[in-house]
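Notes for the one structure printed next.
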Amino acid sequence: MKLSRILSNQNGVSRKQANALVAAGTVTVDGCICRETAREVDRFSTVACNGRVIQHGDRAHYLMLNKPAGYLSATADKIHKTVMELIDPELRKDLHIAGRLDRASTGLLILTNDGTWSRRLTEPRVKLPKVYRVTTVEPVSTDAIERFAQGIWFEYEQLTTSPARLEPLSANESRVTIYEGRYHQIKRMFHATGNRVSSLHREQMGAITLDPTLKPGEFRPLTTREIILE
């Protein structure tokens with residue numbers, strides 16, 4: 001929301017008066033004087049006018065969870081356990097999942113209440129790498145490596161996936177890097193090459209790597225460096 005609008009909504013003044021207050025240097029955002037009436041201010045920022053707080057910033061939460069198998073990537077479900085049940089109750093309010101994993105899959109899951117930030121993490125156009133360790137029923141073929149690199153045609157969406165990297169670690173285990181997040185993408189890519197995924201574990205999203213000290217079901221806040229997404 002624009003700063004001038006916050007002032008007029010919360011401070012009982014007209015938009016013209018709000019603009020004048022900003023121009024006069026009487027308004028601070030997170031403790032710093034701001035003279036930009038059109039500045040976009042999110043709900044996590046504290047806004048004050050003449051020393052009086054008119055918006056108390058909400059606390060932003062950015063959490064890394066080592067998702068165990070058997071939990072849905074959902075905020076609530078009437079049948080299955082959800083990953084939200086692994087988070088302390090006082091932290092759950094307004095959290096959403098940035099990049100879901102299916103119930104059988106494990107590994108890195110990010111939960112946050114900052115929608116703008118999570119869109120940067122998951123927006124397909126940004127093409128942040130997402131890295132998975134995958135076990136397949138059949139050994140990985142050389143043909144599969146080449147087809148992943150070229151992109152694989154998905155009939156339902158009528159598109160070819162972005163080039164992906166398939167790096168064999170052993171006969172039936174691989175590390176896969178994709179730059180999208182389509183529905184069951186990795187399982188469908190392997191299926192297109194005549195193979196089947198038996199387990200899938202996410203290791204990394206962008207620069208955020210699953211903390212090796214986190215046991216399945218454990219979580220921790222992201223560090224400042226991780227939140228920057230660089």
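Residue numbers start at 1 in each chain; chains themselves are named A, B, ... in the order of the structure tokens; ligands are numbered from 1 in the order shown.
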Original post:
Near region 109-112 of chain A, counting only C-alpha atoms, which residues have an atom at most 7 Å away, once you skip same-chain residues fewer than 4 positions from it, shown as JSON, numbers by chain?
Top reply: {"A": [61, 62, 63, 64, 65, 66, 67, 95, 96, 97, 98]}
Restricting it to C-alpha atoms, dump the selection as a compact mmCIF listing (two decimals), in the first residue's frame.
# COMPACT_ATOMS: atom_id res chain seq x y z
CA HIS A 61 8.40 -15.36 9.42
CA TYR A 62 10.65 -17.34 7.07
CA LEU A 63 11.02 -20.99 8.07
CA MET A 64 12.93 -23.98 6.71
CA LEU A 65 11.38 -27.38 7.40
CA ASN A 66 12.85 -30.81 6.74
CA LYS A 67 9.62 -32.41 5.55
CA LEU A 95 1.86 -19.08 7.14
CA HIS A 96 1.74 -20.51 3.63
CA ILE A 97 4.00 -22.92 1.75
CA ALA A 98 6.39 -21.63 -0.90
Subject >> Test item, strand (DSSP E or B) assignment across region 7-197 of chain A, answer as an MDAnalysis selection string >> reply: chainID A and resid 27:29 32:33 40 47:49 52:55 62:67 72 82 96:98 106:112 130:136 153:154 159:160 165:168 173:178 197
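Excluding Ile87 (chain A) itself and same-chain residues fewer than 3 positions from it, the residues having an atom within 10 Å of it are A:Leu63, A:Leu65, A:Thr82, A:Val83, A:Met84, A:Glu90, A:Leu91, A:Arg92, A:Leu95, A:Leu111, A:Gly217, A:Glu218, A:Phe219, A:Arg220, counting only C-alpha atoms.
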Near region 151-165 of chain A, 10 Å: region 25-138 of chain A residue rows, closest pairs, only C-alpha atoms, as JSON lines:
{"residue": "A:Lys127", "atom": "CA", "partner": "A:Ser162", "partner_atom": "CA", "distance": 9.3}
{"residue": "A:Pro129", "atom": "CA", "partner": "A:Ala164", "partner_atom": "CA", "distance": 9.4}
{"residue": "A:Lys130", "atom": "CA", "partner": "A:Ala164", "partner_atom": "CA", "distance": 9.9}
{"residue": "A:Val131", "atom": "CA", "partner": "A:Arg165", "partner_atom": "CA", "distance": 9.3}
**OP:** Compile the contact shell of Arg43 (chain A) as a PyMOL selection string: residues with an atom at most 12 Å away, counting only C-alpha atoms, same-chain residues fewer than 3 positions apart removed.
**Re:** chain A and resi 1-3+6+29-30+40+46-47+54-60+113-116
Could you dump the residues just selected with N, CA and C atoms as a JSON list (two decimals), in the first residue's frame?
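File written: part22.json
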[["chain", "number", "residue", "atom", "x", "y", "z"],
["A", 1, "MET", "N", 0.84, -1.18, 0.00],
["A", 1, "MET", "CA", 0.00, 0.00, 0.00],
["A", 1, "MET", "C", 0.88, 1.25, 0.00],
["A", 2, "LYS", "N", 0.48, 2.27, -0.75],
["A", 2, "LYS", "CA", 1.27, 3.50, -0.80],
["A", 2, "LYS", "C", 1.27, 4.20, 0.55],
["A", 3, "LEU", "N", 2.39, 4.83, 0.86],
["A", 3, "LEU", "CA", 2.56, 5.48, 2.16],
["A", 3, "LEU", "C", 1.47, 6.53, 2.39],
["A", 6, "ILE", "N", -1.72, 4.90, 3.52],
["A", 6, "ILE", "CA", -1.68, 4.44, 4.92],
["A", 6, "ILE", "C", -1.93, 5.61, 5.86],
["A", 29, "VAL", "N", 9.43, 5.43, 8.20],
["A", 29, "VAL", "CA", 9.14, 4.03, 7.89],
["A", 29, "VAL", "C", 10.28, 3.21, 8.46],
["A", 30, "ASP", "N", 9.95, 2.37, 9.42],
["A", 30, "ASP", "CA", 10.96, 1.56, 10.11],
["A", 30, "ASP", "C", 12.08, 2.44, 10.68],
["A", 40, "GLU", "N", 5.74, 2.16, -1.77],
["A", 40, "GLU", "CA", 4.95, 1.00, -1.37],
["A", 40, "GLU", "C", 5.46, 0.48, -0.03],
["A", 46, "THR", "N", 6.90, -0.62, 10.15],
["A", 46, "THR", "CA", 6.30, 0.27, 11.15],
["A", 46, "THR", "C", 6.32, 1.69, 10.62],
["A", 47, "VAL", "N", 5.16, 2.33, 10.64],
["A", 47, "VAL", "CA", 5.02, 3.70, 10.13],
["A", 47, "VAL", "C", 4.63, 4.61, 11.28],
["A", 54, "ILE", "N", 1.44, 4.78, 13.62],
["A", 54, "ILE", "CA", 0.11, 4.60, 13.04],
["A", 54, "ILE", "C", -0.03, 3.22, 12.37],
["A", 55, "GLN", "N", 1.08, 2.53, 12.18],
["A", 55, "GLN", "CA", 1.03, 1.13, 11.74],
["A", 55, "GLN", "C", 2.12, 0.36, 12.44],
["A", 56, "HIS", "N", 1.71, -0.59, 13.25],
["A", 56, "HIS", "CA", 2.67, -1.47, 13.91],
["A", 56, "HIS", "C", 2.98, -2.62, 12.95],
["A", 57, "GLY", "N", 4.22, -2.73, 12.52],
["A", 57, "GLY", "CA", 4.57, -3.75, 11.55],
["A", 57, "GLY", "C", 4.39, -5.16, 12.10],
["A", 58, "ASP", "N", 3.78, -6.03, 11.29],
["A", 58, "ASP", "CA", 3.67, -7.44, 11.67],
["A", 58, "ASP", "C", 5.05, -8.08, 11.61],
["A", 59, "ARG", "N", 5.23, -9.14, 12.35],
["A", 59, "ARG", "CA", 6.50, -9.86, 12.31],
["A", 59, "ARG", "C", 6.50, -10.83, 11.14],
["A", 60, "ALA", "N", 7.52, -10.73, 10.31],
["A", 60, "ALA", "CA", 7.64, -11.65, 9.17],
["A", 60, "ALA", "C", 8.31, -12.94, 9.61],
["A", 113, "ASN", "N", 4.98, -16.04, 5.94],
["A", 113, "ASN", "CA", 3.77, -15.23, 5.88],
["A", 113, "ASN", "C", 3.97, -14.02, 4.97],
["A", 114, "ASP", "N", 5.07, -13.99, 4.24],
["A", 114, "ASP", "CA", 5.41, -12.89, 3.36],
["A", 114, "ASP", "C", 5.15, -13.32, 1.90],
["A", 115, "GLY", "N", 3.99, -12.95, 1.39],
["A", 115, "GLY", "CA", 3.60, -13.37, 0.06],
["A", 115, "GLY", "C", 4.47, -12.80, -1.04],
["A", 116, "THR", "N", 4.88, -11.56, -0.89],
["A", 116, "THR", "CA", 5.74, -10.94, -1.91],
["A", 116, "THR", "C", 7.06, -11.69, -2.03]]
Subject >> Point-to-point distance in Å for CA of Arg5 (chain A) and CA of Ala38 (chain A) >> reply: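 Between CA of Ala38 (chain A) and CA of Arg5 (chain A) the gap is 8.7 Å.
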**OP:** Write out as a list in words which residues come within 8 Å of Leu229 (chain A) when counting only C-alpha atoms, dropping same-chain ones fewer than 3 positions away.
**Re:**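 Neighbouring residues, sequence-local ones excluded: Leu121, Gly206, Ala207, Ile208, Arg225 and Glu226 of chain A.
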Original post:
Running DSSP on the backbone, which parts of region 87-229 of chain A land in helix (DSSP H, G or I), as a PyMOL selection string?
Top reply: chain A and resi 89-91+115-122+124-126+142-150+185-192+224-227
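Each of A:Pro216, A:Gly181, A:Pro221, A:Pro68 was compared to Glu123 (chain A) using only C-alpha atoms, and A:Gly181 turns out to be the nearest.
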**OP:** Provide the CA of Thr106 (chain A) to CA of Ala69 (chain A) distance in Å, to one decimal place.
**Re:** 5.4 Å
Original post:
With distances taken over only C-alpha atoms, which of A:Thr122, A:Arg188, A:Gly194, A:Ala24 is nearest to Ser141 (chain A)?
Top reply: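 Closest residue, counting only C-alpha atoms: A:Gly194.
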At most 8 Å is the cut-off: for each residue in region 48-167 of chain A with any atom that close to an atom of region 173-176 of chain A, write down the nearest atom pair and the distance in Å rounded to one decimal, counting only C-alpha atoms, chain first then increasing number, as a tab-separated table.
residue	atom	partner	partner_atom	distance
A:Val131	CA	A:Val176	CA	5.7
A:Tyr132	CA	A:Val176	CA	5.2
A:Arg133	CA	A:Arg175	CA	4.6
A:Val134	CA	A:Ser174	CA	5.2
A:Thr135	CA	A:Glu173	CA	4.4
A:Thr136	CA	A:Glu173	CA	6.4
A:Pro139	CA	A:Glu173	CA	7.8
A:Val140	CA	A:Glu173	CA	7.8
A:Ala164	CA	A:Val176	CA	7.2
A:Arg165	CA	A:Val176	CA	5.6
A:Leu166	CA	A:Val176	CA	4.7
A:Glu167	CA	A:Arg175	CA	5.1
